[in-house]
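*Asks:* Can you read through this structure? Questions will come right after.
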Amino acid sequence: MKCPHCFESVGVFSKELNKFGKSKFCPKCTKPIQLYVSLKWVAILFGPAVVSALLIKPLFINAGLNGSLATGLICGLMVLLCMRLKVPKVKENV
Ligand SMILES: [Zn+2]
């Protein structure tokens with residue numbers, strides 16, 4: 001994912017993004033960033049996600065695992081791929 005301020009890539013699993021609390025900051029430029037799931041990308045990836053879930057499901061069942069685990073895995077992966085960073089809306093306290 002790219003920082004909306006400095007365009008440096010920020011890892012999804014980086015410390016900065018997994019901290020509790022509302023304010024998150026870019027580890028590179030320390031400006032405030034916000035993590036969100038892009039619905040546009042959800043729409044783009046939905047088809048391929050369903051297809052790949054159907055494709056890997058038999059593999060999971062062959063391996064003796066629950067078939068719905070494949071669906072869960074693909075859904076999780078999809079959410080990860082759809083996560084983007086944006087500039088948070090700043091509330092102005094006047
Ligand atoms: Zn940055």
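Labels for the structure tokens follow display order: chains A, B, ..., residues from 1 in each chain, ligands from 1.
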Ligand 1: which residues are within 9 Å, counting only C-alpha atoms and all ligand atoms, as a list of chain:residue names?

*Replies:*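 Residues satisfying the distance criterion: A:Lys2, A:Cys3, A:Pro4, A:His5, A:Cys6, A:Phe7, A:Glu8, A:Ser9, A:Val10, A:Phe25, A:Cys26, A:Pro27, A:Lys28, A:Cys29, A:Thr30, A:Lys31, A:Pro32, A:Ile33.
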
*Asks:* Just want the 12 Å neighbourhood of Pro58 in chain A, counted on only C-alpha atoms, with same-chain residues fewer than 3 positions away dropped. Output as a list in words.

*Replies:*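 After dropping sequence-adjacent residues, the list is Ser52, Ala53, Leu54, Leu55, Ile61, Asn62, Ala63, Gly64, Leu65, Asn66, Gly67, Ser68, Leu69, Ala70 and Thr71 of chain A.
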
*Asks:* Looking only at the backbone, which of the residues in range 35-86 of chain A does DSSP tag as alpha helix (DSSP H), as a count of residues only?

*Replies:* 40

*Asks:* Write out as an NGL selection string the residues lying within 12 Å of range 34-50 of chain A, counting only C-alpha atoms and excluding same-chain residues fewer than 6 positions away.

*Replies:* :A and (1-5 or 10-13 or 16-19 or 21-26 or 56-57 or 70-90)

*Asks:* Can you tell me, as a list in words, which residues in chain A count as strand (DSSP E or B) by DSSP?

*Replies:* Lys2, Ser9, Lys24, Phe25, Pro32, Ile33, Gln34, Leu35, Tyr36, Val37, Met83, Arg84, Leu85 and Lys86 of chain A

*Asks:* Would you save the residues from that selection as a PDB file, in the first residue's frame, using N, CA and C atoms?

*Replies:*
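Result file again_9.pdb:
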```pdb
ATOM      1  N   LYS A   2       0.385   2.232  -0.663  1.00  0.00           N
ATOM      2  CA  LYS A   2       1.181   3.452  -0.747  1.00  0.00           C
ATOM      3  C   LYS A   2       0.616   4.549   0.145  1.00  0.00           C
ATOM      4  N   SER A   9       5.789   2.877   0.175  1.00  0.00           N
ATOM      5  CA  SER A   9       4.906   1.760   0.496  1.00  0.00           C
ATOM      6  C   SER A   9       4.937   1.469   1.995  1.00  0.00           C
ATOM      7  N   LYS A  24      -3.425   6.911  13.028  1.00  0.00           N
ATOM      8  CA  LYS A  24      -2.303   6.144  12.524  1.00  0.00           C
ATOM      9  C   LYS A  24      -1.444   7.086  11.693  1.00  0.00           C
ATOM     10  N   PHE A  25      -0.148   6.801  11.740  1.00  0.00           N
ATOM     11  CA  PHE A  25       0.760   7.693  11.035  1.00  0.00           C
ATOM     12  C   PHE A  25       1.683   6.906  10.127  1.00  0.00           C
ATOM     13  N   PRO A  32      -0.587  11.836   9.148  1.00  0.00           N
ATOM     14  CA  PRO A  32      -1.709  10.946   9.469  1.00  0.00           C
ATOM     15  C   PRO A  32      -2.259  10.218   8.248  1.00  0.00           C
ATOM     16  N   ILE A  33      -2.517   8.922   8.409  1.00  0.00           N
ATOM     17  CA  ILE A  33      -3.094   8.120   7.334  1.00  0.00           C
ATOM     18  C   ILE A  33      -4.255   7.305   7.892  1.00  0.00           C
ATOM     19  N   GLN A  34      -5.117   6.866   7.011  1.00  0.00           N
ATOM     20  CA  GLN A  34      -6.255   6.066   7.430  1.00  0.00           C
ATOM     21  C   GLN A  34      -6.379   4.848   6.529  1.00  0.00           C
ATOM     22  N   LEU A  35      -6.621   3.700   7.145  1.00  0.00           N
ATOM     23  CA  LEU A  35      -6.765   2.466   6.403  1.00  0.00           C
ATOM     24  C   LEU A  35      -8.236   2.254   6.082  1.00  0.00           C
ATOM     25  N   TYR A  36      -8.536   1.906   4.849  1.00  0.00           N
ATOM     26  CA  TYR A  36      -9.919   1.616   4.507  1.00  0.00           C
ATOM     27  C   TYR A  36      -9.958   0.548   3.424  1.00  0.00           C
ATOM     28  N   VAL A  37     -11.117  -0.077   3.288  1.00  0.00           N
ATOM     29  CA  VAL A  37     -11.297  -1.101   2.262  1.00  0.00           C
ATOM     30  C   VAL A  37     -11.944  -0.448   1.054  1.00  0.00           C
ATOM     31  N   MET A  83      -7.387  -3.241   0.724  1.00  0.00           N
ATOM     32  CA  MET A  83      -7.094  -2.196   1.697  1.00  0.00           C
ATOM     33  C   MET A  83      -6.202  -1.124   1.085  1.00  0.00           C
ATOM     34  N   ARG A  84      -6.602   0.076   1.316  1.00  0.00           N
ATOM     35  CA  ARG A  84      -5.859   1.222   0.791  1.00  0.00           C
ATOM     36  C   ARG A  84      -5.667   2.236   1.914  1.00  0.00           C
ATOM     37  N   LEU A  85      -4.739   3.118   1.683  1.00  0.00           N
ATOM     38  CA  LEU A  85      -4.509   4.178   2.652  1.00  0.00           C
ATOM     39  C   LEU A  85      -5.026   5.489   2.101  1.00  0.00           C
ATOM     40  N   LYS A  86      -5.606   6.294   2.974  1.00  0.00           N
ATOM     41  CA  LYS A  86      -6.045   7.611   2.513  1.00  0.00           C
ATOM     42  C   LYS A  86      -5.738   8.650   3.588  1.00  0.00           C
TER      43      LYS A  86
END
```
